[in-house]
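Asker: PDB, C-alpha atoms and all ligand atoms, saved as start-v3.pdb, coming up:
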```pdb
ATOM      1  CA  MET V   1       0.000   0.000   0.000
ATOM      2  CA  PHE V   2       1.326   3.455  -0.940
ATOM      3  CA  LYS V   3       0.199   7.048  -0.657
ATOM      4  CA  LYS V   4      -2.759   8.127  -2.815
ATOM      5  CA  HIS V   5      -1.650   7.096  -6.299
ATOM      6  CA  LEU V   6       1.171   5.573  -8.262
ATOM      7  CA  ARG V   7       2.038   4.971 -11.901
ATOM      8  CA  THR V   8       4.093   1.904 -12.674
ATOM      9  CA  GLU V   9       5.055  -0.562 -15.377
ATOM     10  CA  GLY V  10       4.226  -4.184 -14.651
ATOM     11  CA  ILE V  11       3.405  -7.639 -15.977
ATOM     12  CA  ILE V  12       0.236  -9.533 -15.082
ATOM     13  CA  LEU V  13       1.058 -12.625 -13.018
ATOM     14  CA  ARG V  14      -2.432 -13.671 -11.969
ATOM     15  CA  LYS V  15      -6.128 -12.849 -12.292
ATOM     16  CA  LEU V  16      -8.864 -13.868  -9.873
ATOM     17  CA  SER V  17     -12.586 -13.115 -10.029
ATOM     18  CA  LEU V  18     -13.551 -11.220  -6.891
ATOM     19  CA  ASN V  19     -17.303 -10.923  -7.496
ATOM     20  CA  GLU V  20     -19.703 -10.453 -10.403
ATOM     21  CA  GLY V  21     -17.899  -7.452 -11.798
ATOM     22  CA  ASP V  22     -14.453  -7.075 -10.258
ATOM     23  CA  ILE V  23     -11.142  -8.869 -10.718
ATOM     24  CA  ILE V  24      -8.118  -9.090  -8.438
ATOM     25  CA  VAL V  25      -4.986  -8.663 -10.531
ATOM     26  CA  THR V  26      -1.485  -9.500  -9.319
ATOM     27  CA  LEU V  27       1.240  -7.462 -10.971
ATOM     28  CA  LEU V  28       4.994  -7.830 -10.911
ATOM     29  CA  THR V  29       6.018  -4.189 -11.192
ATOM     30  CA  LYS V  30       9.268  -2.571 -12.188
ATOM     31  CA  GLU V  31       9.735  -0.368  -9.132
ATOM     32  CA  HIS V  32       7.375  -1.703  -6.452
ATOM     33  CA  GLY V  33       7.640  -5.491  -6.632
ATOM     34  CA  LYS V  34       4.560  -7.673  -6.456
ATOM     35  CA  ILE V  35       1.252  -5.831  -6.007
ATOM     36  CA  ASP V  36      -2.302  -7.177  -5.680
ATOM     37  CA  CYS V  37      -4.904  -4.726  -6.949
ATOM     38  CA  ILE V  38      -8.557  -4.580  -7.962
ATOM     39  CA  ALA V  39      -9.784  -3.894 -11.488
ATOM     40  CA  LYS V  40     -13.325  -2.653 -10.867
ATOM     41  CA  SER V  41     -16.048  -3.740 -13.285
ATOM     42  CA  ALA V  42     -13.395  -5.502 -15.403
ATOM     43  CA  ARG V  43     -15.759  -8.428 -16.028
ATOM     44  CA  ARG V  44     -18.439  -6.213 -17.578
ATOM     45  CA  ILE V  45     -18.802  -6.358 -21.357
ATOM     46  CA  LYS V  46     -18.261  -2.619 -21.730
ATOM     47  CA  SER V  47     -15.246  -2.528 -19.393
ATOM     48  CA  ARG V  48     -12.476  -0.127 -20.372
ATOM     49  CA  PHE V  49     -10.000  -2.815 -19.247
ATOM     50  CA  LEU V  50     -11.268  -5.334 -21.801
ATOM     51  CA  GLY V  51      -8.370  -7.209 -23.456
ATOM     52  CA  ARG V  52      -5.755  -5.376 -21.434
ATOM     53  CA  LEU V  53      -5.760  -7.566 -18.361
ATOM     54  CA  GLU V  54      -4.557 -10.783 -19.972
ATOM     55  CA  LEU V  55      -1.968 -12.960 -18.264
ATOM     56  CA  PHE V  56       1.662 -12.031 -19.195
ATOM     57  CA  ASN V  57       0.541  -8.644 -20.568
ATOM     58  CA  ARG V  58       3.018  -5.826 -20.035
ATOM     59  CA  ILE V  59       1.179  -2.720 -18.935
ATOM     60  CA  ASP V  60       1.530   0.794 -17.629
ATOM     61  CA  ALA V  61      -0.905   1.148 -14.742
ATOM     62  CA  THR V  62      -2.072   3.982 -12.548
ATOM     63  CA  LEU V  63      -3.162   2.727  -9.129
ATOM     64  CA  PHE V  64      -5.011   4.417  -6.292
ATOM     65  CA  SER V  65      -4.856   3.144  -2.742
ATOM     66  CA  GLY V  66      -8.188   1.597  -1.761
ATOM     67  CA  ARG V  67      -9.590   0.453   1.568
ATOM     68  CA  ASN V  68      -7.953  -2.996   1.506
ATOM     69  CA  LEU V  69      -6.301  -3.361  -1.868
ATOM     70  CA  ASP V  70      -5.045  -0.828  -4.389
ATOM     71  CA  VAL V  71      -7.419  -0.025  -7.238
ATOM     72  CA  ILE V  72      -6.453   0.153 -10.909
ATOM     73  CA  ASN V  73      -7.499   3.457 -12.388
ATOM     74  CA  GLU V  74      -5.928   3.383 -15.846
ATOM     75  CA  ILE V  75      -4.088   0.844 -17.932
ATOM     76  CA  GLU V  76      -2.102   1.137 -21.116
ATOM     77  CA  THR V  77      -0.523  -1.773 -22.922
ATOM     78  CA  VAL V  78       3.232  -1.311 -23.334
ATOM     79  CA  GLY V  79       4.496  -1.993 -26.857
ATOM     80  CA  SER V  80       2.580  -2.224 -30.077
ATOM     81  CA  GLN V  81       1.203  -5.720 -29.623
ATOM     82  CA  ASN V  82      -0.348  -7.921 -27.010
ATOM     83  CA  PHE V  83       2.564  -9.194 -24.944
ATOM     84  CA  ALA V  84       0.819 -12.482 -24.233
ATOM     85  CA  ALA V  85       0.604 -13.226 -27.945
ATOM     86  CA  ALA V  86       4.288 -12.499 -28.403
ATOM     87  CA  THR V  87       5.153 -14.622 -25.400
ATOM     88  CA  VAL V  88       3.484 -17.819 -26.455
ATOM     89  CA  GLY V  89       4.342 -17.060 -30.061
ATOM     90  CA  THR V  90       1.022 -17.796 -31.782
ATOM     91  CA  ARG V  91       0.659 -16.195 -35.174
ATOM     92  CA  HIS V  92      -2.799 -14.806 -34.541
ATOM     93  CA  GLY V  93      -2.376 -14.086 -30.862
ATOM     94  CA  ALA V  94      -2.779 -16.210 -27.776
ATOM     95  CA  SER V  95      -6.545 -15.869 -27.742
ATOM     96  CA  THR V  96      -7.124 -17.883 -30.939
ATOM     97  CA  GLY V  97      -5.773 -21.055 -29.299
ATOM     98  CA  THR V  98      -6.347 -23.401 -32.247
ATOM     99  CA  PRO V  99      -5.241 -26.996 -31.576
ATOM    100  CA  ASP V 100      -2.410 -26.653 -34.118
ATOM    101  CA  ASN V 101      -0.983 -23.577 -32.494
ATOM    102  CA  ALA V 102      -1.434 -25.021 -29.029
ATOM    103  CA  THR V 103       0.485 -28.193 -29.927
ATOM    104  CA  HIS V 104       3.245 -26.362 -31.715
ATOM    105  CA  PHE V 105       3.838 -23.881 -28.931
ATOM    106  CA  LEU V 106       3.061 -26.087 -25.967
ATOM    107  CA  PRO V 107       6.586 -25.999 -24.458
ATOM    108  CA  ASN V 108       6.546 -22.184 -24.577
ATOM    109  CA  CYS V 109       3.118 -22.007 -22.963
ATOM    110  CA  ALA V 110       4.119 -24.523 -20.288
ATOM    111  CA  ALA V 111       7.293 -22.561 -19.552
ATOM    112  CA  ALA V 112       5.400 -19.230 -19.425
ATOM    113  CA  PHE V 113       2.775 -20.565 -16.986
ATOM    114  CA  PHE V 114       5.403 -22.318 -14.876
ATOM    115  CA  ILE V 115       7.763 -19.361 -14.421
ATOM    116  CA  THR V 116       4.789 -17.033 -13.846
ATOM    117  CA  GLU V 117       3.307 -19.240 -11.129
ATOM    118  CA  ILE V 118       6.683 -19.712  -9.429
ATOM    119  CA  THR V 119       7.387 -15.974  -9.505
ATOM    120  CA  HIS V 120       3.966 -15.333  -7.978
ATOM    121  CA  ARG V 121       4.454 -17.991  -5.278
ATOM    122  CA  LEU V 122       8.009 -17.059  -4.313
ATOM    123  CA  LEU V 123       7.407 -13.299  -3.986
ATOM    124  CA  GLN V 124       5.255 -11.915  -1.192
ATOM    125  CA  PRO V 125       2.762  -9.080  -1.811
ATOM    126  CA  GLY V 126       4.625  -5.779  -1.558
ATOM    127  CA  GLN V 127       8.015  -7.518  -1.783
ATOM    128  CA  HIS V 128      10.420  -5.799  -4.167
ATOM    129  CA  ILE V 129      13.498  -7.783  -5.188
ATOM    130  CA  ALA V 130      16.017  -5.884  -7.298
ATOM    131  CA  GLY V 131      16.494  -7.651 -10.607
ATOM    132  CA  ALA V 132      13.310  -9.778 -10.436
ATOM    133  CA  TYR V 133      11.332  -7.632 -12.917
ATOM    134  CA  PRO V 134      14.048  -7.384 -15.628
ATOM    135  CA  LEU V 135      14.693 -11.131 -15.276
ATOM    136  CA  PHE V 136      10.998 -11.989 -15.698
ATOM    137  CA  LEU V 137      10.643  -9.559 -18.600
ATOM    138  CA  GLU V 138      13.687 -11.045 -20.319
ATOM    139  CA  ALA V 139      12.334 -14.585 -19.854
ATOM    140  CA  LEU V 140       8.965 -13.687 -21.411
ATOM    141  CA  SER V 141      10.656 -11.800 -24.267
ATOM    142  CA  LEU V 142      12.896 -14.786 -25.004
ATOM    143  CA  LEU V 143       9.889 -17.130 -24.999
ATOM    144  CA  GLY V 144       8.471 -15.067 -27.862
ATOM    145  CA  ARG V 145      11.518 -16.067 -29.923
ATOM    146  CA  ARG V 146      10.831 -19.801 -29.514
ATOM    147  CA  PRO V 147      13.917 -20.731 -27.533
ATOM    148  CA  ASN V 148      14.903 -24.013 -25.906
ATOM    149  CA  ALA V 149      12.112 -23.672 -23.316
ATOM    150  CA  GLU V 150      13.763 -26.111 -20.934
ATOM    151  CA  GLY V 151      17.050 -24.215 -20.739
ATOM    152  CA  LEU V 152      15.149 -20.981 -20.288
ATOM    153  CA  MET V 153      12.952 -22.388 -17.528
ATOM    154  CA  THR V 154      15.804 -23.899 -15.514
ATOM    155  CA  GLY V 155      18.012 -20.844 -16.097
ATOM    156  CA  TYR V 156      15.203 -18.556 -14.945
ATOM    157  CA  LEU V 157      14.511 -20.565 -11.797
ATOM    158  CA  ILE V 158      18.145 -20.788 -10.775
ATOM    159  CA  GLN V 159      18.637 -17.046 -11.297
ATOM    160  CA  LEU V 160      15.427 -16.237  -9.394
ATOM    161  CA  PHE V 161      16.539 -18.502  -6.512
ATOM    162  CA  GLY V 162      19.804 -16.516  -6.568
ATOM    163  CA  LEU V 163      18.031 -13.117  -6.425
ATOM    164  CA  LEU V 164      15.979 -14.361  -3.484
ATOM    165  CA  GLY V 165      19.134 -15.512  -1.701
ATOM    166  CA  HIS V 166      18.399 -19.227  -2.028
ATOM    167  CA  MET V 167      21.413 -20.348  -4.043
ATOM    168  CA  PRO V 168      24.552 -22.027  -2.691
ATOM    169  CA  SER V 169      27.588 -19.742  -2.805
ATOM    170  CA  TRP V 170      29.860 -22.469  -4.275
ATOM    171  CA  ARG V 171      32.805 -20.716  -2.605
ATOM    172  CA  ILE V 172      32.662 -22.051   0.955
ATOM    173  CA  CYS V 173      31.249 -25.145   2.659
ATOM    174  CA  ALA V 174      27.948 -24.339   4.426
ATOM    175  CA  VAL V 175      28.871 -26.639   7.344
ATOM    176  CA  CYS V 176      32.579 -26.104   8.109
ATOM    177  CA  GLY V 177      33.134 -22.836   6.222
ATOM    178  CA  GLU V 178      36.255 -24.022   4.368
ATOM    179  CA  SER V 179      36.921 -23.105   0.734
ATOM    180  CA  LEU V 180      35.345 -25.528  -1.720
ATOM    181  CA  ASP V 181      37.171 -27.426  -4.414
ATOM    182  CA  LEU V 182      34.625 -27.759  -7.221
ATOM    183  CA  GLN V 183      36.582 -30.682  -8.668
ATOM    184  CA  THR V 184      35.827 -32.933  -5.658
ATOM    185  CA  PRO V 185      32.459 -34.612  -4.956
ATOM    186  CA  LEU V 186      30.145 -32.226  -3.099
ATOM    187  CA  THR V 187      26.702 -32.448  -1.497
ATOM    188  CA  LEU V 188      23.827 -30.044  -1.737
ATOM    189  CA  ALA V 189      22.653 -29.928   1.873
ATOM    190  CA  HIS V 190      19.622 -28.261   3.480
ATOM    191  CA  GLU V 191      17.194 -29.373   0.736
ATOM    192  CA  GLY V 192      19.582 -28.218  -1.959
ATOM    193  CA  LEU V 193      19.900 -24.664  -0.688
ATOM    194  CA  ALA V 194      23.501 -24.958   0.531
ATOM    195  CA  VAL V 195      26.571 -26.851  -0.631
ATOM    196  CA  CYS V 196      28.995 -28.715   1.612
ATOM    197  CA  CYS V 197      32.438 -30.268   1.138
ATOM    198  CA  ALA V 198      33.287 -33.961   0.793
ATOM    199  CA  LYS V 199      34.233 -34.251   4.478
ATOM    200  CA  CYS V 200      30.969 -32.783   5.733
ATOM    201  CA  SER V 201      28.972 -34.646   3.049
ATOM    202  CA  LYS V 202      29.436 -37.879   5.041
ATOM    203  CA  ASN V 203      27.316 -36.512   7.888
ATOM    204  CA  SER V 204      24.780 -34.801   5.687
ATOM    205  CA  ALA V 205      21.709 -36.439   4.165
ATOM    206  CA  GLY V 206      21.606 -33.979   1.285
ATOM    207  CA  PHE V 207      21.404 -34.231  -2.463
ATOM    208  CA  ALA V 208      24.762 -35.795  -3.274
ATOM    209  CA  LEU V 209      26.816 -34.409  -6.111
ATOM    210  CA  GLY V 210      29.014 -37.430  -6.573
ATOM    211  CA  LYS V 211      31.378 -38.028  -9.470
ATOM    212  CA  THR V 212      28.479 -38.760 -11.805
ATOM    213  CA  ASP V 213      26.871 -35.424 -10.953
ATOM    214  CA  GLU V 214      29.899 -33.249 -11.630
ATOM    215  CA  VAL V 215      28.223 -32.183 -14.850
ATOM    216  CA  LEU V 216      25.089 -31.163 -12.962
ATOM    217  CA  LEU V 217      27.156 -28.980 -10.665
ATOM    218  CA  LYS V 218      28.767 -27.343 -13.675
ATOM    219  CA  ILE V 219      25.370 -26.764 -15.292
ATOM    220  CA  VAL V 220      23.869 -25.146 -12.190
ATOM    221  CA  HIS V 221      26.960 -22.964 -11.866
ATOM    222  CA  PHE V 222      26.733 -22.045 -15.558
ATOM    223  CA  LEU V 223      23.026 -21.158 -15.336
ATOM    224  CA  GLN V 224      23.699 -19.063 -12.268
ATOM    225  CA  THR V 225      26.480 -17.032 -13.814
ATOM    226  CA  HIS V 226      25.343 -16.613 -17.430
ATOM    227  CA  THR V 227      22.525 -14.720 -19.136
ATOM    228  CA  LEU V 228      19.168 -16.309 -19.894
ATOM    229  CA  LYS V 229      19.957 -16.073 -23.589
ATOM    230  CA  GLU V 230      23.034 -18.219 -23.011
ATOM    231  CA  ALA V 231      20.989 -20.594 -20.835
ATOM    232  CA  CYS V 232      18.679 -21.188 -23.815
ATOM    233  CA  GLN V 233      21.622 -22.482 -25.830
ATOM    234  CA  LEU V 234      22.474 -25.151 -23.279
ATOM    235  CA  ASN V 235      21.677 -28.748 -24.216
ATOM    236  CA  LEU V 236      20.262 -30.441 -21.123
ATOM    237  CA  SER V 237      19.694 -33.907 -22.550
ATOM    238  CA  LYS V 238      21.339 -36.259 -20.036
ATOM    239  CA  GLU V 239      21.253 -34.155 -16.894
ATOM    240  CA  LYS V 240      17.648 -33.065 -17.383
ATOM    241  CA  GLU V 241      16.221 -35.475 -14.819
ATOM    242  CA  THR V 242      18.764 -34.791 -12.064
ATOM    243  CA  LEU V 243      18.467 -31.047 -12.597
ATOM    244  CA  TRP V 244      14.646 -31.198 -12.335
ATOM    245  CA  GLN V 245      14.908 -33.373  -9.245
ATOM    246  CA  TRP V 246      17.166 -30.798  -7.604
ATOM    247  CA  ILE V 247      14.888 -27.899  -8.601
ATOM    248  CA  GLN V 248      11.883 -29.788  -7.172
ATOM    249  CA  ASN V 249      13.857 -30.291  -3.925
ATOM    250  CA  VAL V 250      14.528 -26.571  -3.636
ATOM    251  CA  LEU V 251      10.876 -25.715  -4.407
ATOM    252  CA  ARG V 252       9.638 -28.195  -1.811
ATOM    253  CA  ALA V 253      11.904 -26.528   0.744
ATOM    254  CA  LEU V 254      10.664 -23.033  -0.151
ATOM    255  CA  LEU V 255       6.933 -23.575  -0.714
ATOM    256  CA  PRO V 256       4.338 -25.246   1.506
ATOM    257  CA  TYR V 257       2.488 -26.728  -1.487
ATOM    258  CA  ALA V 258       3.235 -27.960  -4.994
ATOM    259  CA  ILE V 259       3.289 -25.698  -8.047
ATOM    260  CA  LYS V 260       0.104 -26.393 -10.033
ATOM    261  CA  SER V 261       1.696 -25.950 -13.438
ATOM    262  CA  GLY V 262       4.796 -27.967 -12.407
ATOM    263  CA  SER V 263       3.677 -31.434 -13.471
ATOM    264  CA  PHE V 264       2.258 -30.034 -16.728
ATOM    265  CA  ALA V 265       5.588 -28.360 -17.510
ATOM    266  CA  GLU V 266       7.468 -31.541 -16.637
ATOM    267  CA  GLU V 267       5.258 -33.713 -18.870
ATOM    268  CA  VAL V 268       5.575 -31.307 -21.793
ATOM    269  CA  MET V 269       9.365 -31.123 -21.411
ATOM    270  CA  LYS V 270       9.658 -34.904 -21.314
ATOM    271  CA  SER V 271       7.839 -35.276 -24.627
ATOM    272  CA  TYR V 272       9.830 -32.648 -26.566
TER     273      TYR V 272
HETATM  274 ZN    ZN I 301      32.752 -28.802   5.127
END
```
Show this structure as structure tokens.
Ligand SMILES: [Zn+2]
Answerer:
Amino acid sequence: MFKKHLRTEGIILRKLSLNEGDIIVTLLTKEHGKIDCIAKSARRIKSRFLGRLELFNRIDATLFSGRNLDVINEIETVGSQNFAAATVGTRHGASTGTPDNATHFLPNCAAAFFITEITHRLLQPGQHIAGAYPLFLEALSLLGRRPNAEGLMTGYLIQLFGLLGHMPSWRICAVCGESLDLQTPLTLAHEGLAVCCAKCSKNSAGFALGKTDEVLLKIVHFLQTHTLKEACQLNLSKEKETLWQWIQNVLRALLPYAIKSGSFAEEVMKSY
């Protein structure tokens, strides 16, 4: 909640019907983090918000502080086209949803829903994390260019975990504090949120990064330190399963319940 009114750029993360006419919209904004706000009468046929409040849309919004939630006063779409259409890459826009388009762009759609839901779940209302908005914007923009959706999804998650302070440092052991040698077998302790050395690994029931998982360690490190564009170029064929398993571990540690779009994304990725 802020004083009187505010103008901000944001992307729509979620929409919920509040009553017959109104919608609760969750925005990830550029300067103010995640905001829940009400779009009054947005469900009415003659609503001035019609077509502008679609999921993934990038908007410029003017908000007024209301009694409980902020209220959307004005909305303008940023850019010349519907951002949702560009994101899922359909020729005629996301709303057409013909079976052909849906099949062809399924991995992109799955990735868009998955990263959007995770971003919504991991950020609290009013929480502003520096770097989260540009990262999300970049991920959606890249999805419009039909990338390797799997590389983008894993790269996005690992970088978001990093922004939220949930990534291992890779420099020192989380248990004994000694410098780590990345060439030796390591363990991801504390549900995958910290890394510990070979000595401490013996006493830790973590996610072991044995000799066979050296590649996984390198991949996570790569995804953490490179751009999303570079992440999209990574071929994750063999390590896909272990990487997903580790990501699921981290998500289970951070969230009290499963991500709804998670199994859908996993199924789609398996079949492409
Ligand atoms: Zn140690």
Asker: So that each row is one residue of chain V with an atom at most 6 Å from ligand ZN 301 (chain I), can you give its shortest atom pair and the distance in Å to one decimal, using all atoms listed in the file, rows by chain and rising number, as a tab-separated table?
Answerer:
```
residue	atom	partner	partner_atom	distance
V:Cys173	CA	I:ZN301	ZN	4.7
V:Val175	CA	I:ZN301	ZN	5.0
V:Cys176	CA	I:ZN301	ZN	4.0
V:Glu178	CA	I:ZN301	ZN	6.0
V:Cys196	CA	I:ZN301	ZN	5.1
V:Cys197	CA	I:ZN301	ZN	4.3
V:Lys199	CA	I:ZN301	ZN	5.7
V:Cys200	CA	I:ZN301	ZN	4.4
```
Asker: Residues at most 7 Å from segment 154-163 of chain V, counting only C-alpha atoms, excluding those fewer than 2 positions away in the same chain, as an MDAnalysis selection string?
Answerer: chainID V and resid 132 139 150:152 165:167 223:224 228 231
Asker: Generate a file of the selected residues that holds C-alpha atoms, formatted as an mmCIF file, in the coordinates of the input.
Answerer:
```cif
data_model
loop_
_atom_site.group_PDB
_atom_site.id
_atom_site.type_symbol
_atom_site.label_atom_id
_atom_site.label_comp_id
_atom_site.auth_asym_id
_atom_site.auth_seq_id
_atom_site.Cartn_x
_atom_site.Cartn_y
_atom_site.Cartn_z
ATOM 1 C CA ALA V 132 13.310 -9.778 -10.436
ATOM 2 C CA ALA V 139 12.334 -14.585 -19.854
ATOM 3 C CA GLU V 150 13.763 -26.111 -20.934
ATOM 4 C CA GLY V 151 17.050 -24.215 -20.739
ATOM 5 C CA LEU V 152 15.149 -20.981 -20.288
ATOM 6 C CA GLY V 165 19.134 -15.512 -1.701
ATOM 7 C CA HIS V 166 18.399 -19.227 -2.028
ATOM 8 C CA MET V 167 21.413 -20.348 -4.043
ATOM 9 C CA LEU V 223 23.026 -21.158 -15.336
ATOM 10 C CA GLN V 224 23.699 -19.063 -12.268
ATOM 11 C CA LEU V 228 19.168 -16.309 -19.894
ATOM 12 C CA ALA V 231 20.989 -20.594 -20.835
#
```
Asker: What is the atom CA of Met153 of chain V to atom CA of Ile115 of chain V distance in Å?
Answerer: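 Calculated distance between atom CA of Met153 of chain V and atom CA of Ile115 of chain V is 6.8 Å.
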Asker: Against segment 20-33 of chain V, which residues of segment 90-206 of chain V fall within 8 Å? For each one I want the closest pair of atoms and the distance in Å (one decimal), counting only C-alpha atoms, rows by chain and increasing residue number, as CSV.
Answerer:
```
residue,atom,partner,partner_atom,distance
V:Pro125,CA,V:Gly33,CA,7.7
V:Gly126,CA,V:Gly33,CA,5.9
V:Gln127,CA,V:Gly33,CA,5.3
V:His128,CA,V:Gly33,CA,3.7
V:Ile129,CA,V:Gly33,CA,6.5
V:Tyr133,CA,V:Lys30,CA,5.5
V:Pro134,CA,V:Lys30,CA,7.6
```
Asker: Can I get the selected residues back with C-alpha atoms, as a JSON list (two decimals), in the coordinates of the input?
Answerer:
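Everything below was put into out.json:
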```json
[["chain", "number", "residue", "atom", "x", "y", "z"],
["V", 125, "PRO", "CA", 2.76, -9.08, -1.81],
["V", 126, "GLY", "CA", 4.62, -5.78, -1.56],
["V", 127, "GLN", "CA", 8.02, -7.52, -1.78],
["V", 128, "HIS", "CA", 10.42, -5.80, -4.17],
["V", 129, "ILE", "CA", 13.50, -7.78, -5.19],
["V", 133, "TYR", "CA", 11.33, -7.63, -12.92],
["V", 134, "PRO", "CA", 14.05, -7.38, -15.63]]
```
Asker: Place a sphere of radius 7 Å on (-1.3, -3.2, -19.7) in the file coordinates and name every protein, DNA or RNA residue with an atom inside or on its surface, counting all atoms listed in the file; give the answer as a PyMOL selection string.
Answerer: chain V and resi 52-53+57-61+75-78
Asker: Could you jot down the atom CA of Ile118 of chain V to atom CA of Leu254 of chain V separation for me, Å, one decimal place?
Answerer: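 These atoms are spaced 10.6 Å apart.
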Asker: For the file shown, what are the residues hit by the PyMOL selection byres (((chain V and resi 249) around 12) and not hetatm), laid out as a CSV table (one decimal) with C-alpha atoms, in the frame of the given file?
Answerer:
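That gives us result37.csv:
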```
chain,number,residue,atom,x,y,z
V,188,LEU,CA,23.8,-30.0,-1.7
V,189,ALA,CA,22.7,-29.9,1.9
V,190,HIS,CA,19.6,-28.3,3.5
V,191,GLU,CA,17.2,-29.4,0.7
V,192,GLY,CA,19.6,-28.2,-2.0
V,193,LEU,CA,19.9,-24.7,-0.7
V,194,ALA,CA,23.5,-25.0,0.5
V,206,GLY,CA,21.6,-34.0,1.3
V,207,PHE,CA,21.4,-34.2,-2.5
V,242,THR,CA,18.8,-34.8,-12.1
V,243,LEU,CA,18.5,-31.0,-12.6
V,244,TRP,CA,14.6,-31.2,-12.3
V,245,GLN,CA,14.9,-33.4,-9.2
V,246,TRP,CA,17.2,-30.8,-7.6
V,247,ILE,CA,14.9,-27.9,-8.6
V,248,GLN,CA,11.9,-29.8,-7.2
V,250,VAL,CA,14.5,-26.6,-3.6
V,251,LEU,CA,10.9,-25.7,-4.4
V,252,ARG,CA,9.6,-28.2,-1.8
V,253,ALA,CA,11.9,-26.5,0.7
V,254,LEU,CA,10.7,-23.0,-0.2
V,255,LEU,CA,6.9,-23.6,-0.7
V,258,ALA,CA,3.2,-28.0,-5.0
```
Asker: Measuring between all atoms listed in the file, which one of V:Lys229, V:Lys218, V:Arg67, V:Lys46 shows the shortest distance to Leu140 of chain V?
Answerer: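 Selected residue with least distance to Leu140 of chain V: V:Lys229.
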Asker: Identify which of the residues V:Ile219, V:Leu18, V:Ile45, V:Cys109 lies closest to Leu69 of chain V, counting only C-alpha atoms when measuring atom-to-atom distances.
Answerer: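 Of the candidates, the smallest distance to Leu69 of chain V is held by V:Leu18.
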Asker: Which residue is closest to Lys34 of chain V? Choose from V:Phe49, V:Ile11, V:Phe56, V:Ala111 and count only C-alpha atoms.
Answerer: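 Closest to Lys34 of chain V of all the choices is V:Ile11.
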Asker: Here is a test: counting all atoms listed in the file, which residue of V:His120, V:Gln233, V:Gly262, V:His5 is nearest to Ala149 of chain V?
Answerer: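 With all atoms listed in the file as the atom set, the closest residue is V:Gln233.
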Asker: Between atom CA of Arg145 of chain V and atom CA of Asn235 of chain V, measure the distance and give it in Å to one decimal.
Answerer: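 It comes out at 17.2 Å.
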Asker: Please rebuild segment 63-74 of chain V with N, CA and C atoms and return the result as a short mmCIF file (atom, residue, chain, number, x, y, z; two decimals), in the coordinates of the input.
Answerer:
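Contents of out_38.cif, as written:
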```
data_model
loop_
_atom_site.label_atom_id
_atom_site.label_comp_id
_atom_site.auth_asym_id
_atom_site.auth_seq_id
_atom_site.Cartn_x
_atom_site.Cartn_y
_atom_site.Cartn_z
N LEU V 63 -2.44 3.35 -10.24
CA LEU V 63 -3.16 2.73 -9.13
C LEU V 63 -3.48 3.76 -8.06
N PHE V 64 -4.65 3.59 -7.44
CA PHE V 64 -5.01 4.42 -6.29
C PHE V 64 -5.11 3.51 -5.08
N SER V 65 -4.74 4.01 -3.92
CA SER V 65 -4.86 3.14 -2.74
C SER V 65 -6.32 3.06 -2.32
N GLY V 66 -6.80 1.83 -2.16
CA GLY V 66 -8.19 1.60 -1.76
C GLY V 66 -8.26 1.22 -0.29
N ARG V 67 -9.42 0.76 0.15
CA ARG V 67 -9.59 0.45 1.57
C ARG V 67 -8.71 -0.73 1.97
N ASN V 68 -8.78 -1.83 1.20
CA ASN V 68 -7.95 -3.00 1.51
C ASN V 68 -6.85 -3.19 0.46
N LEU V 69 -7.26 -3.17 -0.78
CA LEU V 69 -6.30 -3.36 -1.87
C LEU V 69 -6.23 -2.09 -2.71
N ASP V 70 -5.15 -1.96 -3.48
CA ASP V 70 -5.04 -0.83 -4.39
C ASP V 70 -6.01 -1.05 -5.56
N VAL V 71 -6.43 0.05 -6.16
CA VAL V 71 -7.42 -0.02 -7.24
C VAL V 71 -6.80 0.49 -8.53
N ILE V 72 -6.99 -0.28 -9.62
CA ILE V 72 -6.45 0.15 -10.91
C ILE V 72 -7.34 1.25 -11.47
N ASN V 73 -6.73 2.37 -11.81
CA ASN V 73 -7.50 3.46 -12.39
C ASN V 73 -7.38 3.44 -13.91
N GLU V 74 -6.14 3.38 -14.39
CA GLU V 74 -5.93 3.38 -15.85
C GLU V 74 -4.91 2.33 -16.22
#
```
